[in-house]
Each structure stands twice: as C-alpha cells, then as structure tokens.
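What's in upload-v1.txt: compact mmCIF, C-alpha atoms
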# COMPACT_ATOMS: atom_id res chain seq x y z
CA MET A 1 0.00 0.00 0.00
CA LYS A 2 1.34 3.42 -0.92
CA THR A 3 1.97 5.89 1.91
CA PRO A 4 0.77 9.50 1.69
CA ALA A 5 4.39 10.55 1.16
CA SER A 6 4.89 8.14 -1.75
CA MET A 7 1.58 9.19 -3.25
CA THR A 8 2.63 12.80 -3.04
CA ALA A 9 5.95 11.98 -4.70
CA THR A 10 4.13 10.12 -7.48
CA MET A 11 1.77 13.04 -8.03
CA MET A 12 4.67 15.48 -8.13
CA ALA A 13 6.50 13.34 -10.70
CA ALA A 14 3.39 13.17 -12.86
CA MET A 15 2.92 16.94 -12.61
CA LEU A 16 6.55 17.49 -13.63
CA LEU A 17 6.18 15.17 -16.65
CA THR A 18 3.01 16.96 -17.70
CA ALA A 19 4.68 20.33 -17.33
CA ALA A 20 7.66 19.13 -19.38
CA ALA A 21 5.35 17.88 -22.11
CA LEU A 22 3.50 21.19 -22.20
CA LEU A 23 6.77 23.08 -22.44
CA THR A 24 8.09 20.78 -25.18
CA ALA A 25 4.93 20.83 -27.33
CA PRO A 26 5.35 24.42 -28.55
CA ILE A 27 8.98 23.68 -29.47
CA VAL A 28 7.99 20.63 -31.55
CA THR A 29 5.17 22.58 -33.21
CA ALA A 30 7.48 25.47 -34.00
CA ALA A 31 10.06 23.08 -35.44
CA ALA A 32 7.39 21.56 -37.70
CA GLN A 33 6.27 25.01 -38.86
CA ASP A 34 9.89 25.86 -39.65
CA PHE A 35 10.43 22.55 -41.49
CA PRO A 36 12.40 22.29 -43.69
CA ASN A 37 15.10 24.90 -43.14
CA ARG A 38 17.99 22.91 -44.63
CA PRO A 39 18.55 20.29 -47.38
CA ILE A 40 16.63 17.01 -47.27
CA ARG A 41 18.30 13.72 -48.05
CA MET A 42 16.09 11.26 -49.95
CA ILE A 43 17.44 7.71 -49.87
CA VAL A 44 16.34 5.37 -52.67
CA PRO A 45 17.55 1.84 -51.77
CA LEU A 46 17.44 0.72 -55.41
CA THR A 47 19.52 1.35 -58.51
CA PRO A 48 19.26 4.50 -60.65
CA GLY A 49 16.55 4.07 -63.26
CA SER A 50 14.36 1.88 -61.05
CA GLY A 51 10.71 2.84 -60.64
CA ALA A 52 11.19 4.16 -57.11
CA ASP A 53 14.19 6.18 -58.26
CA ILE A 54 12.26 7.81 -61.12
CA ALA A 55 9.18 8.55 -58.99
CA GLY A 56 11.32 9.80 -56.12
CA ARG A 57 13.28 12.18 -58.34
CA ILE A 58 10.11 13.64 -59.84
CA VAL A 59 8.52 14.19 -56.43
CA GLY A 60 11.81 15.38 -54.94
CA ARG A 61 12.24 18.07 -57.59
CA PHE A 62 8.82 19.54 -56.91
CA LEU A 63 9.27 19.31 -53.13
CA SER A 64 12.50 21.25 -53.56
CA GLU A 65 10.73 23.94 -55.57
CA ALA A 66 7.91 24.20 -53.01
CA TRP A 67 10.23 24.43 -50.01
CA HIS A 68 13.11 26.32 -51.61
CA GLN A 69 15.43 23.72 -50.16
CA PRO A 70 17.52 21.10 -51.99
CA VAL A 71 16.15 17.57 -51.97
CA VAL A 72 19.15 15.38 -52.67
CA VAL A 73 18.37 11.89 -54.02
CA GLU A 74 20.91 9.27 -53.00
CA ASN A 75 20.86 5.72 -54.36
CA ARG A 76 21.98 3.17 -51.76
CA ALA A 77 21.20 -0.10 -53.54
CA GLY A 78 21.91 -3.60 -52.32
CA ALA A 79 20.39 -6.61 -50.56
CA GLY A 80 16.96 -6.03 -52.09
CA GLY A 81 16.73 -2.55 -50.65
CA GLN A 82 17.85 -3.46 -47.14
CA ILE A 83 21.06 -1.40 -47.16
CA GLY A 84 19.45 1.94 -47.96
CA THR A 85 16.44 1.25 -45.76
CA GLN A 86 18.71 0.54 -42.80
CA VAL A 87 20.45 3.89 -43.37
CA VAL A 88 17.13 5.69 -42.97
CA ALA A 89 16.04 3.56 -40.00
CA LYS A 90 19.18 4.63 -38.13
CA ALA A 91 19.07 8.30 -39.16
CA ASP A 92 18.11 11.17 -36.87
CA PRO A 93 14.30 11.30 -36.60
CA ASP A 94 13.96 14.89 -37.72
CA GLY A 95 12.43 14.55 -41.19
CA TYR A 96 15.63 15.44 -43.02
CA THR A 97 16.43 11.85 -44.05
CA LEU A 98 13.64 10.14 -45.98
CA LEU A 99 13.19 6.77 -47.66
CA VAL A 100 11.51 6.36 -51.05
CA GLN A 101 10.99 2.69 -51.80
CA SER A 102 8.72 0.47 -53.86
CA ALA A 103 6.46 -2.41 -52.85
CA SER A 104 9.70 -4.28 -52.17
CA HIS A 105 9.49 -2.66 -48.73
CA ALA A 106 6.55 -4.97 -48.00
CA ALA A 107 7.91 -7.92 -50.01
CA ASN A 108 11.17 -8.01 -48.03
CA SER A 109 9.23 -8.61 -44.84
CA ALA A 110 7.78 -11.74 -46.40
CA ILE A 111 10.86 -13.23 -48.07
CA TYR A 112 13.51 -12.66 -45.41
CA LYS A 113 13.53 -14.44 -42.05
CA SER A 114 15.12 -11.41 -40.47
CA LEU A 115 15.93 -7.87 -41.55
CA PRO A 116 18.51 -5.45 -40.12
CA TYR A 117 15.59 -3.19 -39.21
CA ASP A 118 11.95 -3.60 -38.20
CA PRO A 119 9.82 -2.18 -41.04
CA LEU A 120 6.93 -1.49 -38.68
CA LYS A 121 8.83 -0.20 -35.64
CA ASP A 122 11.95 1.51 -37.03
CA LEU A 123 10.18 3.53 -39.72
CA VAL A 124 7.12 5.73 -39.78
CA ASP A 125 4.78 5.71 -42.79
CA VAL A 126 4.68 9.13 -44.44
CA ALA A 127 2.96 8.99 -47.83
CA LEU A 128 1.96 6.90 -50.81
CA LEU A 129 3.28 8.37 -54.07
CA GLY A 130 1.71 6.31 -56.83
CA VAL A 131 0.63 2.95 -58.18
CA THR A 132 1.53 1.21 -61.44
CA PRO A 133 1.19 -2.29 -62.92
CA TYR A 134 3.99 -4.62 -63.88
CA VAL A 135 4.36 -5.66 -67.49
CA MET A 136 5.64 -9.16 -68.19
CA VAL A 137 8.28 -8.65 -70.88
CA THR A 138 10.42 -10.92 -73.02
CA ALA A 139 12.87 -10.57 -75.91
CA PRO A 140 10.91 -9.78 -79.10
CA ASP A 141 13.05 -12.13 -81.17
CA GLY A 142 12.99 -14.88 -78.53
CA PRO A 143 11.07 -18.15 -78.56
CA TYR A 144 8.17 -16.98 -76.37
CA LYS A 145 5.58 -15.23 -78.50
CA SER A 146 2.84 -15.58 -75.90
CA LEU A 147 2.33 -16.40 -72.24
CA LYS A 148 1.00 -19.80 -73.26
CA ALA A 149 4.16 -20.55 -75.24
CA LEU A 150 6.28 -19.67 -72.22
CA ILE A 151 4.21 -21.87 -69.90
CA ASP A 152 4.30 -24.79 -72.35
CA ALA A 153 8.09 -24.50 -72.60
CA ALA A 154 8.46 -24.37 -68.82
CA LYS A 155 6.31 -27.48 -68.44
CA ALA A 156 8.51 -29.30 -70.95
CA ASN A 157 11.70 -28.15 -69.19
CA PRO A 158 10.87 -27.89 -65.48
CA GLY A 159 13.33 -25.81 -63.48
CA ASN A 160 15.58 -25.02 -66.45
CA ILE A 161 14.11 -21.87 -67.98
CA PRO A 162 15.30 -18.70 -66.17
CA PHE A 163 13.32 -15.61 -65.28
CA ALA A 164 14.74 -12.32 -64.03
CA SER A 165 14.03 -10.20 -60.97
CA ALA A 166 15.43 -7.00 -59.51
CA GLY A 167 16.74 -8.96 -56.54
CA VAL A 168 15.83 -11.73 -54.13
CA GLY A 169 12.73 -10.72 -52.18
CA SER A 170 11.99 -7.74 -54.41
CA SER A 171 8.42 -7.13 -55.47
CA THR A 172 9.42 -8.06 -59.04
CA HIS A 173 10.62 -11.42 -57.71
CA LEU A 174 7.41 -12.22 -55.84
CA ALA A 175 5.18 -10.94 -58.66
CA ALA A 176 6.94 -13.40 -60.99
CA GLU A 177 6.85 -16.27 -58.49
CA TYR A 178 3.10 -15.75 -58.17
CA VAL A 179 2.71 -16.26 -61.93
CA VAL A 180 4.90 -19.38 -61.79
CA ASP A 181 2.85 -20.77 -58.91
CA LEU A 182 -0.53 -20.12 -60.53
CA ALA A 183 0.69 -21.69 -63.78
CA GLY A 184 1.84 -24.80 -61.92
CA ILE A 185 5.32 -24.69 -63.43
CA LYS A 186 8.90 -24.62 -62.18
CA MET A 187 11.39 -22.04 -63.40
CA LEU A 188 14.88 -20.86 -62.46
CA HIS A 189 15.01 -17.54 -60.62
CA VAL A 190 17.92 -15.26 -61.59
CA PRO A 191 18.15 -12.19 -59.33
CA TYR A 192 19.84 -9.01 -60.55
CA ARG A 193 21.03 -5.88 -58.79
CA GLY A 194 18.10 -3.88 -60.11
CA SER A 195 15.61 -3.32 -62.93
CA PRO A 196 18.11 -1.93 -65.49
CA GLU A 197 20.29 -5.05 -65.27
CA ALA A 198 17.32 -7.43 -65.34
CA ILE A 199 15.90 -5.66 -68.39
CA GLN A 200 19.18 -5.77 -70.30
CA ASP A 201 19.55 -9.52 -69.88
CA THR A 202 15.91 -10.01 -70.87
CA ILE A 203 16.49 -7.99 -74.04
CA ALA A 204 19.52 -10.18 -74.75
CA GLY A 205 17.41 -13.32 -74.30
CA ARG A 206 19.40 -14.60 -71.33
CA THR A 207 16.20 -14.71 -69.27
CA ALA A 208 12.76 -15.76 -70.47
CA PHE A 209 10.86 -12.90 -68.86
CA TYR A 210 10.93 -10.10 -66.33
CA MET A 211 7.99 -8.60 -64.42
CA ALA A 212 9.09 -5.06 -65.14
CA PRO A 213 7.63 -1.96 -63.55
CA ILE A 214 5.79 -0.49 -66.50
CA ASN A 215 7.57 2.85 -66.21
CA THR A 216 10.98 1.21 -66.69
CA ALA A 217 9.88 -0.85 -69.71
CA ILE A 218 7.44 1.34 -71.61
CA GLY A 219 10.07 3.05 -73.76
CA LEU A 220 11.74 -0.24 -74.68
CA VAL A 221 8.40 -1.82 -75.56
CA SER A 222 7.55 1.17 -77.75
CA GLU A 223 10.93 0.83 -79.49
CA GLY A 224 10.32 -2.88 -80.10
CA ARG A 225 13.26 -3.94 -77.93
CA LEU A 226 10.93 -5.75 -75.50
CA ALA A 227 7.69 -7.62 -76.16
CA PRO A 228 4.85 -7.64 -73.60
CA LEU A 229 3.37 -11.01 -72.64
CA GLY A 230 0.84 -9.53 -70.25
CA ILE A 231 0.11 -6.94 -67.61
CA SER A 232 -0.31 -7.58 -63.89
CA SER A 233 -3.40 -5.49 -63.19
CA ARG A 234 -6.94 -6.55 -64.02
CA ARG A 235 -7.39 -3.34 -65.97
CA ARG A 236 -5.45 -2.55 -69.13
CA SER A 237 -2.93 0.24 -69.02
CA GLU A 238 -3.56 3.38 -71.05
CA VAL A 239 0.14 3.60 -71.93
CA LEU A 240 0.34 -0.06 -73.01
CA PRO A 241 -3.20 -0.94 -74.15
CA ALA A 242 -1.99 -3.94 -76.18
CA ALA A 243 -0.73 -5.72 -73.06
CA VAL A 244 -3.44 -8.18 -72.05
CA PRO A 245 -4.03 -8.61 -68.30
CA LEU A 246 -2.83 -11.95 -66.91
CA ALA A 247 -6.30 -12.20 -65.38
CA GLU A 248 -7.67 -12.52 -68.94
CA GLN A 249 -5.10 -15.18 -69.89
CA GLY A 250 -6.23 -17.95 -67.58
CA PHE A 251 -5.25 -16.46 -64.21
CA PRO A 252 -8.36 -14.67 -62.92
CA ALA A 253 -6.89 -14.40 -59.40
CA TYR A 254 -3.85 -12.47 -60.57
CA ASP A 255 -4.02 -8.78 -59.70
CA VAL A 256 -0.72 -7.37 -58.45
CA THR A 257 0.41 -3.76 -58.67
CA LEU A 258 3.62 -1.95 -57.89
CA TRP A 259 3.50 1.08 -55.63
CA PHE A 260 5.94 3.68 -54.35
CA GLY A 261 5.96 5.28 -50.93
CA MET A 262 7.85 7.50 -48.52
CA TRP A 263 9.00 6.78 -44.97
CA ALA A 264 10.93 8.55 -42.21
CA PRO A 265 12.82 7.23 -39.18
CA ALA A 266 10.65 6.20 -36.24
CA GLY A 267 10.39 9.01 -33.72
CA THR A 268 10.01 11.72 -36.34
CA PRO A 269 7.61 14.28 -34.82
CA PRO A 270 4.03 13.66 -35.97
CA ALA A 271 3.71 17.32 -36.96
CA VAL A 272 6.69 16.95 -39.31
CA VAL A 273 5.21 13.74 -40.77
CA GLN A 274 1.92 15.54 -41.37
CA ARG A 275 3.73 18.44 -43.02
CA LEU A 276 5.62 16.06 -45.30
CA ASN A 277 2.43 14.19 -46.15
CA ALA A 278 0.52 17.39 -46.95
CA GLN A 279 3.27 18.70 -49.23
CA VAL A 280 3.59 15.37 -51.07
CA ALA A 281 -0.20 15.33 -51.57
CA SER A 282 0.01 18.85 -53.00
CA VAL A 283 2.86 17.85 -55.34
CA LEU A 284 0.89 14.85 -56.63
CA LYS A 285 -1.88 17.23 -57.73
CA ASN A 286 0.53 19.34 -59.74
CA ARG A 287 -0.43 19.17 -63.43
CA GLU A 288 3.17 18.64 -64.54
CA VAL A 289 3.67 15.81 -62.06
CA VAL A 290 0.43 14.15 -63.15
CA GLU A 291 1.59 14.37 -66.78
CA GLN A 292 5.06 13.01 -66.04
CA PHE A 293 3.66 10.16 -63.97
CA GLY A 294 1.03 9.48 -66.61
CA LYS A 295 3.61 9.08 -69.38
CA LEU A 296 5.26 6.43 -67.21
CA GLY A 297 2.02 4.61 -66.45
CA ILE A 298 2.10 5.68 -62.79
CA GLY A 299 -1.14 6.79 -61.20
CA PRO A 300 -0.51 9.47 -58.55
CA GLN A 301 -2.25 8.46 -55.36
CA SER A 302 -2.11 10.07 -51.95
CA MET A 303 -3.11 8.78 -48.52
CA ALA A 304 -2.98 10.22 -45.01
CA PRO A 305 -0.14 8.72 -42.92
CA GLU A 306 -2.51 6.52 -40.93
CA GLU A 307 -4.21 5.19 -44.06
CA PHE A 308 -0.85 4.58 -45.72
CA GLY A 309 0.28 2.67 -42.62
CA ARG A 310 -2.74 0.37 -42.86
CA PHE A 311 -2.08 -0.10 -46.58
CA VAL A 312 1.56 -1.09 -45.97
CA ARG A 313 0.52 -3.68 -43.39
CA SER A 314 -2.07 -5.16 -45.74
CA GLU A 315 0.58 -5.39 -48.48
CA ILE A 316 2.96 -7.19 -46.12
CA ALA A 317 0.20 -9.70 -45.40
CA THR A 318 -0.45 -10.12 -49.15
CA TYR A 319 3.21 -10.88 -49.91
CA GLN A 320 3.41 -13.26 -46.95
CA ARG A 321 0.46 -15.13 -48.44
CA ILE A 322 2.15 -15.26 -51.87
CA VAL A 323 5.38 -16.58 -50.35
CA LYS A 324 3.53 -19.26 -48.41
CA GLN A 325 1.21 -20.23 -51.26
CA ALA A 326 4.06 -20.46 -53.79
CA GLY A 327 6.30 -22.34 -51.35
CA ILE A 328 9.10 -19.81 -51.73
CA PRO A 329 11.84 -20.53 -49.17
CA GLN A 330 12.65 -17.62 -46.91
CA GLN A 331 16.14 -16.23 -47.18
As structure tokens, how would this structure be written, given the file I've shared?
Amino acid sequence: MKTPASMTATMMAAMLLTAAALLTAPIVTAAAQDFPNRPIRMIVPLTPGSGADIAGRIVGRFLSEAWHQPVVVENRAGAGGQIGTQVVAKADPDGYTLLVQSASHAANSAIYKSLPYDPLKDLVDVALLGVTPYVMVTAPDGPYKSLKALIDAAKANPGNIPFASAGVGSSTHLAAEYVVDLAGIKMLHVPYRGSPEAIQDTIAGRTAFYMAPINTAIGLVSEGRLAPLGISSRRRSEVLPAAVPLAEQGFPAYDVTLWFGMWAPAGTPPAVVQRLNAQVASVLKNREVVEQFGKLGIGPQSMAPEEFGRFVRSEIATYQRIVKQAGIPQQ
C-alpha cells in the first residue's frame, strides 16, 4: 500500500512530466512550422533508373521547388533494398532523411527471415506516391511469342528456364513467383542488382521474362526492344493498351500492382510527418507531375499517414500469403 508521502511523490513526478510535455509541445510545433530549413536527403535503396528512383526524383524536384530547399536523391542499392532502408532507419528522426521505396518494402518482410531493421517499428509511414502495374516482358526475337508458349516451354523443361528479378525478395521477384505458382510450373530464378540489369539480360534473351515496372519498360516496348506477354493489373494500361491482363489469360486471381511510398525514421515528430504528407499530396496534384507520372504509367495516389500505414501492413500480409502459397523458401 502506498503511503501519503509516496503518493505525493508520485503526483509530483506526474505533474513534472506533464509540465515538461506542455513546455516541449510548442517547441515541436514550432520546429514543424519551420520545417524544412535545410537540405533534405532522400534515400532510394534501389539502382538509378528503377521505378522508385524515377518517382522519387520527380517528387523530390517539386518538393525542392515548393520548399526552396535542396532535396538530394541518394541511391543506396543492395540486398533487395535493405542497405538503404537501414540507413534511414538509423538516421536522426527529424524529417531530413527520408526513404523512397517500392512495394519491395513490403515484399522483403515476407521473403527474409530477419531484416537489419523492423519495417513497422523503425520507420514511420509518411505517404503513398503512386501505383503502377507490372508488365511481363520478353525478348521480341525470342522463342516466347505468348504467355501460353512460355508456360508450355516451362512445363517441358521444369526448373531449367530462367526468369529475371530486380533482386531476391523484391516485389518483381514475388510478382513473378506468383505467376509461376498459378501456372503450376517450375522455373529458375535469376536475381539481378536492379531493374536496369534485369531488363538488359531479358532484351539479350538470357532470361525468359521479367515482371518489369511499367515505367521502366514502356520506352523499350515502344521501341520494339521488348515484347509484352501480359500486364499484372486486371485493368489494361492506357500507356500499353496492347498488353493483355494476366487475369484474362487464364489467371483470374492475378491482380498485383507496384507502388511507391515514402518513410521517415521512427520518432520523427508527428507534426513533421503531417507536413511532409501534406506537401507530397500537393505535389501529386501538380499538373506537370500528373503528366510526367502518366507518361510512365504511374497513377498518382495520396493517402494520409494513418491510411498509408494500414495499406503497408495489408501489403505485407499479401506478400506473406504469396510466399507461403508459392512455397518460396525464406532467405
């Protein structure tokens, strides 16, 4: 039982904590209002030319113009995005170091037994940037003129025909494995450092196909250097209307899209997160940004931080289901 003296001490401690919080609140609010007052570092944990890199650079340029502060994009690729993500997770939680990553952020949680960071505890969800489908591409002069031809060849040569990905555990890896699983075939996974490398070997015919983010493949498809076998979304893409959805080619359950988002280190003041989110939402409404995203097949899409957080968790659950259903061994 607490004595009157101990109760008094407890009450005094609580009063001191409350007073400290009240004194600190105006400082945090003022810091958020003053944010940003110096350059922002935007880490993209993927190679230059990847979808996240392109989307991040477009958004970063317009954030810089709005804030009159440099937004410096830094590519820290490696380990499926883990290296760059860890950099952000360990950064000062002040809003000046940000992560722009793709759906691989959610896919990594499903494919790896452990990560050097906790995606739900070490990072705070800031904003969704946009959504785009994958396009299943192959060499135009290769042997696979249709998805059916590819599947038939894989059935005749189980485990011998390679397919590319932008890295083990990347969203491009799991999107491809989902196709392989639904088709009931076995293929050889060949991971690359990023989309540019995977695309080049697909053009050369060294891999049968690559589930490419549409923004990284659209130009090459238009030039005839890549041939589309299908698109990952149930709806056709306006920028690649000839690409038939996989859902219309015998896989009605297939509906996977690639998305890009922004995160900050855990502990970043909520007011700063809200300010970042509001400015990103404003940028995504900019006519020039909408046009640039549209040419790449990216649909600008904004969410409040809390909604984006729920979306990320649902995506993690989706990729965990794909990994389990396809029997993909965790790394």
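Reported to one decimal place, the separation of CA of Val239 (chain A) from CA of Asp181 (chain A) is 27.8 Å.
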Query - Spatial neighbours of Pro143 (chain A), 9 Å, all atoms listed in the file, chain gap at least 5 places, as a list in words - result: Ala149, Leu150 and Ala208 of chain A
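Among the candidates A:Met136, A:Met187, A:Ile298, A:Leu46, the one nearest to Pro245 (chain A) when counting all atoms listed in the file is A:Met136.
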Query - Spatial neighbours of region 281-285 of chain A, max dist 10 Å, only C-alpha atoms, sep filter under 3 positions, as a ChimeraX atom specification - result: /A:58-63,65-66,127-130,275-278,288-290,293,299-304
Query - Long-range neighbours of Asp141 (chain A) as number ranges by chain, 10 Å cut-off, only C-alpha atoms, 2 positions minimum in chain - result: A: 138-139, 143-145, 203-205, 224-227
